[in-house]
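Raw upload18.txt, compact mmCIF, C-alpha atoms:
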# COMPACT_ATOMS: atom_id res chain seq x y z
CA MET A 16 17.00 -8.23 -22.48
CA SER A 17 17.81 -6.38 -25.69
CA ASP A 18 16.02 -3.12 -24.85
CA ILE A 19 17.21 -2.85 -21.25
CA SER A 20 19.20 0.30 -22.02
CA ALA A 21 15.91 2.04 -22.83
CA ALA A 22 14.17 0.74 -19.70
CA GLU A 23 13.42 3.04 -16.81
CA ALA A 24 14.31 0.53 -14.08
CA TRP A 25 15.25 -3.14 -13.74
CA LEU A 26 16.70 -5.79 -11.44
CA GLU A 27 19.88 -7.61 -12.39
CA ALA A 28 21.34 -10.81 -10.94
CA ALA A 29 25.05 -11.58 -10.66
CA ASP A 30 24.85 -13.84 -13.73
CA GLY A 31 23.49 -10.97 -15.83
CA GLN A 32 19.82 -12.03 -15.89
CA GLN A 33 17.54 -9.01 -15.87
CA TRP A 34 13.92 -8.25 -15.01
CA LEU A 35 12.27 -5.08 -16.29
CA LEU A 36 10.30 -3.19 -13.62
CA GLU A 37 7.25 -1.88 -15.43
CA THR A 38 4.71 -2.59 -12.68
CA ASN A 39 4.82 -4.64 -9.46
CA CYS A 40 7.43 -7.40 -9.45
CA PRO A 41 6.85 -10.30 -6.98
CA ILE A 42 9.89 -12.34 -5.91
CA GLY A 43 9.86 -15.83 -4.45
CA ARG A 44 10.17 -19.58 -4.91
CA SER A 45 6.71 -20.10 -6.41
CA PRO A 46 6.53 -20.24 -10.24
CA SER A 47 3.77 -17.62 -10.10
CA ASN A 48 6.35 -14.93 -9.18
CA ARG A 49 7.94 -12.63 -11.74
CA VAL A 50 11.37 -13.35 -10.27
CA VAL A 51 11.51 -17.07 -9.46
CA LEU A 52 14.36 -18.16 -7.19
CA GLY A 53 14.89 -21.90 -6.70
CA ASP A 54 16.49 -21.53 -3.30
CA PRO A 55 15.20 -23.33 -0.16
CA LYS A 56 16.03 -20.20 1.85
CA VAL A 57 13.50 -18.24 -0.22
CA SER A 58 9.81 -18.25 0.74
CA ARG A 59 7.14 -19.04 -1.85
CA ARG A 60 5.94 -15.42 -1.71
CA HIS A 61 9.02 -13.69 -0.36
CA ALA A 62 8.93 -10.02 -1.36
CA VAL A 63 7.67 -7.59 -3.99
CA VAL A 64 9.17 -4.56 -5.69
CA HIS A 65 6.22 -2.16 -5.75
CA ARG A 66 6.14 0.66 -8.27
CA GLN A 67 4.27 3.76 -7.21
CA ASP A 68 3.84 7.32 -8.46
CA VAL A 69 5.95 8.33 -11.46
CA ASP A 70 9.38 7.05 -10.57
CA GLU A 71 9.43 5.36 -7.13
CA PHE A 72 10.19 1.69 -6.49
CA TRP A 73 9.78 0.16 -3.03
CA LEU A 74 10.88 -3.22 -1.68
CA VAL A 75 8.28 -4.86 0.56
CA ASP A 76 9.01 -8.05 2.51
CA LEU A 77 5.98 -10.35 2.66
CA GLY A 78 6.65 -12.02 5.99
CA SER A 79 9.42 -14.24 4.67
CA GLY A 80 11.12 -16.63 7.05
CA ASN A 81 14.67 -15.51 6.26
CA GLY A 82 13.99 -11.87 5.54
CA SER A 83 14.77 -9.41 2.75
CA TYR A 84 17.85 -7.22 2.80
CA VAL A 85 18.87 -3.93 1.18
CA ASN A 86 22.64 -3.32 1.13
CA GLY A 87 23.10 -5.94 3.84
CA ARG A 88 20.48 -4.54 6.21
CA ARG A 89 17.34 -6.52 6.94
CA ILE A 90 14.24 -4.47 6.27
CA SER A 91 11.06 -4.39 8.31
CA LEU A 92 8.98 -1.57 6.85
CA PRO A 93 8.83 -1.01 3.06
CA VAL A 94 12.01 0.67 1.78
CA ARG A 95 12.36 2.94 -1.22
CA LEU A 96 15.07 1.70 -3.58
CA ASN A 97 17.87 3.89 -4.91
CA PRO A 98 20.05 3.16 -7.97
CA ASN A 99 22.67 0.44 -7.33
CA ASP A 100 21.00 -0.79 -4.15
CA VAL A 101 21.59 -4.51 -3.68
CA ILE A 102 18.60 -6.61 -2.64
CA GLY A 103 19.43 -9.80 -0.74
CA ILE A 104 16.89 -12.64 -1.07
CA GLY A 105 18.25 -15.96 0.26
CA ASP A 106 21.60 -16.52 -1.47
CA THR A 107 20.68 -14.29 -4.42
CA ALA A 108 21.79 -10.69 -4.85
CA LEU A 109 19.67 -8.52 -7.15
CA THR A 110 20.97 -5.07 -8.02
CA PHE A 111 18.43 -2.32 -8.64
CA PHE A 112 19.23 -0.17 -11.66
CA LYS A 113 17.42 2.98 -12.71
CA ASN A 114 18.23 5.13 -15.71
CA SER A 115 19.22 8.64 -14.81
CA VAL A 116 16.32 10.83 -15.90
CA ASP A 117 15.87 14.34 -14.60
CA ARG A 118 12.95 14.11 -12.16
CA THR A 119 11.63 17.53 -13.10
CA ILE A 120 11.43 16.48 -16.74
CA ALA A 121 9.89 13.12 -15.82
CA ARG A 122 7.19 14.72 -13.68
CA SER A 123 6.62 17.45 -16.26
CA LYS A 124 6.08 14.76 -18.87
CA ALA A 125 3.71 12.91 -16.53
CA ALA A 126 1.81 16.13 -15.86
CA SER A 127 1.57 16.75 -19.58
CA MET A 128 0.14 13.27 -20.10
CA THR A 129 -2.30 13.81 -17.23
CA LEU A 130 -3.70 16.91 -18.93
CA ILE A 131 -4.54 14.72 -21.89
CA GLU A 132 -5.56 11.50 -20.16
CA VAL A 133 -6.82 12.58 -16.75
CA LYS A 134 -9.84 10.65 -15.52
CA SER A 135 -12.14 11.30 -12.60
CA PHE A 136 -13.81 8.38 -10.92
CA GLU A 137 -15.46 7.42 -7.67
CA CYS A 138 -13.28 5.29 -5.44
CA TRP A 139 -13.30 3.48 -2.11
CA MET A 140 -10.17 4.49 -0.17
CA LEU A 141 -8.69 2.60 2.77
CA LEU A 142 -5.75 3.88 4.78
CA ALA A 143 -3.99 1.54 7.23
CA ASP A 144 -1.12 2.24 9.59
CA ILE A 145 0.63 0.54 12.49
CA VAL A 146 -0.10 2.37 15.75
CA GLY A 147 3.04 3.37 17.66
CA SER A 148 5.41 1.69 15.19
CA THR A 149 8.50 3.61 16.37
CA ARG A 150 7.96 2.59 20.00
CA LEU A 151 7.13 -0.99 19.08
CA ALA A 152 10.23 -1.33 16.91
CA GLY A 153 12.37 -0.35 19.91
CA GLU A 154 10.68 -2.99 22.08
CA HIS A 155 11.46 -5.90 19.75
CA ASP A 156 14.55 -7.59 18.40
CA PRO A 157 15.15 -6.21 14.86
CA GLU A 158 14.71 -9.62 13.20
CA GLU A 159 11.56 -10.37 15.19
CA TRP A 160 10.18 -6.93 14.32
CA ALA A 161 10.95 -7.44 10.62
CA LYS A 162 9.07 -10.75 10.61
CA MET A 163 6.08 -9.23 12.44
CA VAL A 164 5.77 -6.30 10.03
CA GLY A 165 6.40 -8.46 6.98
CA SER A 166 3.73 -10.96 8.00
CA TRP A 167 1.29 -8.11 8.66
CA ALA A 168 2.02 -6.55 5.25
CA ALA A 169 1.54 -9.91 3.53
CA GLU A 170 -1.81 -10.56 5.25
CA CYS A 171 -3.05 -7.05 4.48
CA ARG A 172 -2.02 -7.34 0.85
CA GLN A 173 -3.79 -10.68 0.58
CA ILE A 174 -7.01 -9.25 2.04
CA VAL A 175 -6.99 -6.28 -0.32
CA GLU A 176 -6.27 -8.31 -3.45
CA LEU A 177 -8.58 -11.20 -2.52
CA HIS A 178 -11.48 -8.74 -2.31
CA GLY A 179 -10.74 -6.94 -5.56
CA GLY A 180 -8.72 -4.00 -4.26
CA ILE A 181 -5.30 -2.62 -5.16
CA ILE A 182 -2.53 -1.35 -2.90
CA ASN A 183 -1.82 2.00 -4.50
CA LYS A 184 0.94 3.27 -2.23
CA TYR A 185 3.12 2.14 0.69
CA LEU A 186 3.62 4.80 3.35
CA GLY A 187 6.39 3.59 5.65
CA ASP A 188 4.35 1.99 8.44
CA GLY A 189 1.14 1.72 6.42
CA PHE A 190 -0.45 1.74 2.99
CA LEU A 191 -3.22 3.20 0.85
CA ALA A 192 -5.57 0.74 -0.88
CA ILE A 193 -8.34 1.56 -3.35
CA TRP A 194 -11.40 -0.01 -4.93
CA PRO A 195 -12.79 1.87 -7.96
CA SER A 196 -16.50 1.80 -7.11
CA SER A 197 -17.64 1.26 -10.70
CA PHE A 198 -15.84 -2.09 -10.71
CA GLN A 199 -16.24 -3.32 -7.12
CA PRO A 200 -19.70 -3.42 -5.51
CA GLU A 201 -20.28 -2.68 -1.84
CA HIS A 202 -20.23 -6.31 -0.69
CA HIS A 203 -16.62 -6.75 -1.87
CA VAL A 204 -15.50 -3.77 0.20
CA ALA A 205 -17.60 -4.91 3.16
CA SER A 206 -15.98 -8.35 3.02
CA ALA A 207 -12.55 -6.74 3.04
CA LEU A 208 -13.45 -4.68 6.13
CA GLN A 209 -14.72 -7.78 7.91
CA ALA A 210 -11.45 -9.56 7.11
CA PHE A 211 -9.49 -6.59 8.44
CA ALA A 212 -11.58 -6.64 11.64
CA LYS A 213 -10.60 -10.28 12.18
CA LEU A 214 -6.95 -9.45 11.52
CA GLN A 215 -7.07 -6.56 13.99
CA ALA A 216 -8.45 -8.93 16.64
CA LYS A 217 -5.73 -11.56 16.21
CA SER A 218 -2.70 -9.56 15.07
CA SER A 219 0.19 -8.93 17.44
CA LEU A 220 0.56 -5.54 15.75
CA PRO A 221 -1.99 -2.85 16.64
CA PHE A 222 -3.09 -1.07 13.49
CA ARG A 223 -5.68 1.49 12.48
CA ILE A 224 -8.07 1.42 9.51
CA VAL A 225 -9.68 4.57 8.08
CA MET A 226 -12.09 4.49 5.15
CA HIS A 227 -13.81 6.97 2.86
CA VAL A 228 -15.49 6.91 -0.56
CA GLY A 229 -15.50 9.81 -2.99
CA GLY A 230 -14.26 11.25 -6.25
CA LEU A 231 -10.59 11.06 -7.25
CA SER A 232 -8.52 11.94 -10.28
CA SER A 233 -5.76 9.86 -11.86
CA GLY A 234 -3.69 9.76 -15.01
CA GLY A 235 -6.14 7.41 -16.64
CA SER A 236 -5.22 4.01 -15.19
CA ARG A 237 -8.29 2.06 -14.02
CA THR A 238 -6.02 0.00 -11.78
CA GLY A 239 -5.03 3.05 -9.75
CA GLU A 240 -1.29 2.65 -10.38
CA ASP A 241 -1.07 6.28 -11.48
CA SER A 242 -0.70 8.97 -8.87
CA LEU A 243 -4.07 9.82 -7.30
CA SER A 244 -5.23 13.26 -6.27
CA GLY A 245 -8.33 15.05 -5.05
CA ILE A 246 -9.92 16.72 -2.06
CA GLU A 247 -11.49 13.43 -0.91
CA LEU A 248 -8.05 11.83 -0.63
CA ILE A 249 -6.86 14.75 1.49
CA LEU A 250 -9.88 14.21 3.73
CA LEU A 251 -8.95 10.54 4.15
CA PHE A 252 -5.47 11.42 5.44
CA ARG A 253 -6.91 14.04 7.80
CA MET A 254 -9.35 11.40 9.07
CA GLU A 255 -6.39 9.20 10.03
CA LYS A 256 -5.14 11.95 12.34
CA LEU A 257 -8.62 12.33 13.80
CA ALA A 258 -8.87 8.58 14.42
CA GLY A 259 -5.63 8.76 16.41
CA THR A 260 -6.94 11.69 18.47
CA LEU A 261 -10.18 9.85 19.20
CA GLY A 262 -8.37 6.58 19.98
CA GLN A 263 -10.32 4.71 17.29
CA ARG A 264 -8.86 1.66 15.53
CA PHE A 265 -11.55 1.96 12.85
CA LEU A 266 -13.07 5.16 11.51
CA CYS A 267 -15.22 5.76 8.44
CA SER A 268 -17.00 8.70 6.89
CA GLU A 269 -20.73 9.26 6.60
CA ALA A 270 -20.49 8.41 2.89
CA VAL A 271 -19.15 4.95 3.78
CA HIS A 272 -21.85 4.49 6.43
CA GLU A 273 -24.61 5.28 3.92
CA ARG A 274 -23.43 2.47 1.62
CA LEU A 275 -22.09 -0.14 4.00
CA ALA A 276 -24.58 0.04 6.89
CA PRO A 277 -26.56 -2.92 5.45
CA HIS A 278 -23.36 -5.00 5.29
CA VAL A 279 -21.19 -3.88 8.24
CA PRO A 280 -22.43 -3.10 11.79
CA LEU A 281 -21.53 0.56 12.34
CA GLN A 282 -22.35 3.14 15.01
CA SER A 283 -21.98 6.90 15.17
CA ILE A 284 -19.26 8.49 17.29
CA GLY A 285 -20.73 11.95 16.77
CA SER A 286 -19.73 15.04 14.82
CA HIS A 287 -16.12 16.20 14.75
CA GLU A 288 -14.10 18.87 12.99
CA VAL A 289 -11.33 17.60 10.74
CA ALA A 290 -8.19 19.53 11.67
CA GLY A 291 -6.24 20.95 8.75
CA PHE A 292 -8.99 20.33 6.22
CA ILE A 293 -10.29 23.10 3.99
CA ASP A 294 -13.87 22.59 5.21
CA THR A 295 -13.93 23.06 8.99
CA ALA A 296 -17.61 22.23 9.43
CA PRO A 297 -18.14 19.24 11.79
CA ARG A 298 -18.75 15.93 10.06
CA GLN A 299 -20.38 12.71 11.19
CA PHE A 300 -18.04 9.75 11.69
CA PHE A 301 -18.67 6.12 12.45
CA THR A 302 -16.92 3.12 13.93
CA ARG A 303 -17.74 -0.57 14.27
CA LYS A 304 -20.28 -1.71 16.78
CA PRO A 305 -18.71 -3.75 19.63
Go ahead and express the file in the form of structure tokens.
Amino acid sequence: MSDISAAEAWLEAADGQQWLLETNCPIGRSPSNRVVLGDPKVSRRHAVVHRQDVDEFWLVDLGSGNGSYVNGRRISLPVRLNPNDVIGIGDTALTFFKNSVDRTIARSKAASMTLIEVKSFECWMLLADIVGSTRLAGEHDPEEWAKMVGSWAAECRQIVELHGGIINKYLGDGFLAIWPSSFQPEHHVASALQAFAKLQAKSSLPFRIVMHVGGLSSGGSRTGEDSLSGIELILLFRMEKLAGTLGQRFLCSEAVHERLAPHVPLQSIGSHEVAGFIDTAPRQFFTRKP
């Protein structure tokens, strides 16, 4: 790659082949991947290097049979990559390179661009996280745990993308997915929630789903790959804490109920204050009907 020296980040194989990391980079045996590895030890959809925010790159295993490794250690949850980390996929070693750019300057530049290109839009937001992941990890063999989490991440990603959503950010034992409401009608989001309900019923991993819809701001990318911000996003994360306190595996806001009630069976769980949120007035929340 002739312009690799000007690239922000890339993967490099031992034979010198390089892959520029501009957006998400799927890795696997299938020809549909960005990095195609013809190795029987590699799964068809093995892993993905997920770019998020201004300058973060995360390796996510997608439930591969033989696992994904960073510096010789098998990963279970998504792992943020650092310069010169070596990713092990089957018999292939891919080194992660990232040009040394002062983060303050990079974020200042991004902020400057945001002032020019900032866009506000209404968005469906879904936050998912594994309940009790630290305890569960200690109860399972590390390789078994890695396969469980990887398979869960792969199924969740498939549900989100199949129903028109985008995984915006991985958060250790969970993720944030979005559906810009001007592009995805209610029935797409409802179908995704129904698929998640089925996954919750059959999955060996207990996980929680929290959903809200409201206005967000981004740096102008319709796909949501830019960093998102806004009071409604803060509310979503506070709702996740509330769901844990209430022991709910699914929790949605009144705004979601107003739009999805014709498509998803929901019931009120009453009014509750949202701890740590700027507006302390009680709000109505809903869960699925049994």
List every residue of segment 157-258 of chain A that has an atom at most 8 Å from any atom of segment 73-96 of chain A, giving for each one its closest atom pair and the distance in Å to one decimal, counting only C-alpha atoms, sorted by chain and then by ascending residue number, as a tab-separated table.
residue	atom	partner	partner_atom	distance
A:Pro157	CA	A:Ser91	CA	7.9
A:Glu158	CA	A:Arg89	CA	7.5
A:Trp160	CA	A:Ser91	CA	6.6
A:Ala161	CA	A:Ser91	CA	3.8
A:Lys162	CA	A:Gly78	CA	5.4
A:Met163	CA	A:Gly78	CA	7.1
A:Val164	CA	A:Ser91	CA	5.9
A:Gly165	CA	A:Gly78	CA	3.7
A:Ser166	CA	A:Gly78	CA	3.7
A:Trp167	CA	A:Gly78	CA	7.2
A:Ala168	CA	A:Leu77	CA	6.1
A:Ala169	CA	A:Leu77	CA	4.5
A:Tyr185	CA	A:Pro93	CA	6.9
A:Leu186	CA	A:Pro93	CA	7.8
A:Gly187	CA	A:Pro93	CA	5.8
A:Asp188	CA	A:Leu92	CA	6.1
Show which residues sit within 10 Å of Phe211 of chain A, as an MDAnalysis selection string. Count all atoms listed in the file, and ignore same-chain residues fewer than 2 positions away. chainID A and resid 143 170:171 174:175 205:209 213:218 222:224 265
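Atom CA of His203 of chain A is found 26.1 Å from atom CA of Lys256 of chain A.
Separating atom CA of His61 of chain A from atom CA of Ile193 of chain A is a distance of 23.3 Å.
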Can you tell me which residues surround Ser47 of chain A at a distance of at most 10 Å, considering all atoms listed in the file, apart from same-chain residues fewer than 4 positions away, and format the answer as a PyMOL selection string? chain A and resi 41-43+51+59-60
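Nearest to Gly53 of chain A of all the residues A:Thr107, A:Ser232, A:Ser286, A:Asn39 is A:Thr107, based on all atoms listed in the file.
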Counting only C-alpha atoms, which of A:Phe72, A:Trp194, A:Phe300, A:Phe112 gets nearest to Ile182 of chain A? A:Trp194
Grab the atom CA of Ala210 of chain A to atom CA of Phe136 of chain A distance for me, in Å with one decimal place. 25.5 Å
Using only C-alpha atoms, the residue out of A:Ser45, A:Ser219, A:Arg274, A:Leu261 with shortest distance to Glu159 of chain A is A:Ser219
Neighbour residues at most 12 Å from (1.5, 6.5, 20.3) (all atoms listed in the file) as a list in words: Asp144, Ile145, Val146, Gly147, Ser148, Thr149, Arg150, Leu151, Pro221, Phe222, Arg223, Lys256, Gly259, Thr260 and Gly262 of chain A
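Of the listed residues A:Val101, A:Cys40, A:Ala24, A:Ile246, the one whose atoms come nearest to Glu71 of chain A is A:Ala24, with distances taken using only C-alpha atoms.
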Top pick for closest residue to Ser283 of chain A, considering A:Leu248, A:Leu177, A:Val228, A:Leu266 and counting all atoms listed in the file: A:Leu266
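Remark: for His65 of chain A, the closest of the candidate residues A:Glu37, A:Glu154, A:Glu288, A:Asp106 is A:Glu37 (distances computed over all atoms listed in the file).
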Mind checking which residues fall within 12 Å of Ala276 of chain A, counting only C-alpha atoms, ignoring those fewer than 3 positions away in the same chain, and posting them as JSON, numbers by chain? {"A": [201, 202, 204, 205, 267, 268, 269, 270, 271, 272, 273, 279, 280, 281, 282, 283, 301, 302, 303, 304]}
Please complete segment 183-194 of chain A with all heavy atoms and give it back as a CSV table (one decimal), in the frame of the given file.
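Heads up, here's the output in result-v3.csv:
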chain,number,residue,atom,x,y,z
A,183,ASN,N,-2.3,0.9,-3.6
A,183,ASN,CA,-1.8,2.0,-4.5
A,183,ASN,C,-0.5,2.6,-4.0
A,183,ASN,O,0.3,2.9,-4.9
A,183,ASN,CB,-2.9,3.1,-4.5
A,183,ASN,CG,-2.4,4.3,-5.3
A,183,ASN,OD1,-1.9,5.3,-4.6
A,183,ASN,ND2,-2.5,4.3,-6.6
A,184,LYS,N,-0.3,2.6,-2.7
A,184,LYS,CA,0.9,3.3,-2.2
A,184,LYS,C,1.3,2.7,-0.9
A,184,LYS,O,0.4,2.5,0.0
A,184,LYS,CB,0.7,4.8,-2.1
A,184,LYS,CG,1.9,5.6,-1.8
A,184,LYS,CD,1.5,7.1,-1.5
A,184,LYS,CE,1.1,7.8,-2.8
A,184,LYS,NZ,2.2,8.0,-3.7
A,185,TYR,N,2.6,2.5,-0.6
A,185,TYR,CA,3.1,2.1,0.7
A,185,TYR,C,3.6,3.4,1.3
A,185,TYR,O,4.2,4.3,0.7
A,185,TYR,CB,4.2,1.1,0.6
A,185,TYR,CG,3.7,-0.3,0.4
A,185,TYR,CD1,3.7,-0.8,-0.9
A,185,TYR,CD2,3.2,-1.1,1.4
A,185,TYR,CE1,3.2,-2.1,-1.2
A,185,TYR,CE2,2.8,-2.4,1.2
A,185,TYR,CZ,2.7,-2.9,-0.1
A,185,TYR,OH,2.3,-4.1,-0.3
A,186,LEU,N,3.4,3.5,2.6
A,186,LEU,CA,3.6,4.8,3.4
A,186,LEU,C,4.5,4.6,4.6
A,186,LEU,O,4.1,5.0,5.7
A,186,LEU,CB,2.3,5.5,3.7
A,186,LEU,CG,1.3,5.7,2.6
A,186,LEU,CD1,-0.1,5.9,3.0
A,186,LEU,CD2,1.8,6.9,1.8
A,187,GLY,N,5.6,3.8,4.5
A,187,GLY,CA,6.4,3.6,5.6
A,187,GLY,C,5.8,2.5,6.5
A,187,GLY,O,6.0,1.3,6.3
A,188,ASP,N,5.0,3.0,7.5
A,188,ASP,CA,4.4,2.0,8.4
A,188,ASP,C,2.9,1.7,8.1
A,188,ASP,O,2.1,1.3,8.9
A,188,ASP,CB,4.5,2.5,9.9
A,188,ASP,CG,3.8,3.8,10.1
A,188,ASP,OD1,3.4,4.4,9.1
A,188,ASP,OD2,3.8,4.3,11.3
A,189,GLY,N,2.5,2.0,6.8
A,189,GLY,CA,1.1,1.7,6.4
A,189,GLY,C,1.0,1.7,4.9
A,189,GLY,O,2.0,1.6,4.2
A,190,PHE,N,-0.2,1.8,4.4
A,190,PHE,CA,-0.4,1.7,3.0
A,190,PHE,C,-1.8,2.4,2.7
A,190,PHE,O,-2.7,2.5,3.5
A,190,PHE,CB,-0.4,0.3,2.5
A,190,PHE,CG,-1.4,-0.6,3.1
A,190,PHE,CD1,-2.7,-0.7,2.5
A,190,PHE,CD2,-1.2,-1.4,4.2
A,190,PHE,CE1,-3.7,-1.5,3.1
A,190,PHE,CE2,-2.1,-2.2,4.7
A,190,PHE,CZ,-3.4,-2.3,4.2
A,191,LEU,N,-2.0,2.7,1.4
A,191,LEU,CA,-3.2,3.2,0.8
A,191,LEU,C,-3.7,2.2,-0.1
A,191,LEU,O,-3.0,1.8,-1.1
A,191,LEU,CB,-3.0,4.5,0.2
A,191,LEU,CG,-4.2,5.1,-0.7
A,191,LEU,CD1,-5.4,5.4,0.2
A,191,LEU,CD2,-3.8,6.3,-1.5
A,192,ALA,N,-4.9,1.7,0.1
A,192,ALA,CA,-5.6,0.7,-0.9
A,192,ALA,C,-6.8,1.4,-1.5
A,192,ALA,O,-7.5,2.2,-0.8
A,192,ALA,CB,-5.9,-0.6,-0.2
A,193,ILE,N,-7.2,1.0,-2.7
A,193,ILE,CA,-8.3,1.6,-3.4
A,193,ILE,C,-9.2,0.5,-4.0
A,193,ILE,O,-8.7,-0.6,-4.4
A,193,ILE,CB,-8.0,2.6,-4.4
A,193,ILE,CG1,-7.2,2.0,-5.6
A,193,ILE,CG2,-7.2,3.8,-3.8
A,193,ILE,CD1,-7.0,2.9,-6.8
A,194,TRP,N,-10.4,0.8,-4.2
A,194,TRP,CA,-11.4,0.0,-4.9
A,194,TRP,C,-12.2,0.9,-5.8
A,194,TRP,O,-13.1,1.7,-5.3
A,194,TRP,CB,-12.4,-0.7,-4.0
A,194,TRP,CG,-11.9,-1.9,-3.2
A,194,TRP,CD1,-12.0,-3.2,-3.5
A,194,TRP,CD2,-11.1,-1.9,-2.0
A,194,TRP,NE1,-11.5,-4.0,-2.6
A,194,TRP,CE2,-10.9,-3.2,-1.6
A,194,TRP,CE3,-10.7,-0.8,-1.2
A,194,TRP,CZ2,-10.2,-3.5,-0.5
A,194,TRP,CZ3,-10.0,-1.1,0.0
A,194,TRP,CH2,-9.7,-2.5,0.3
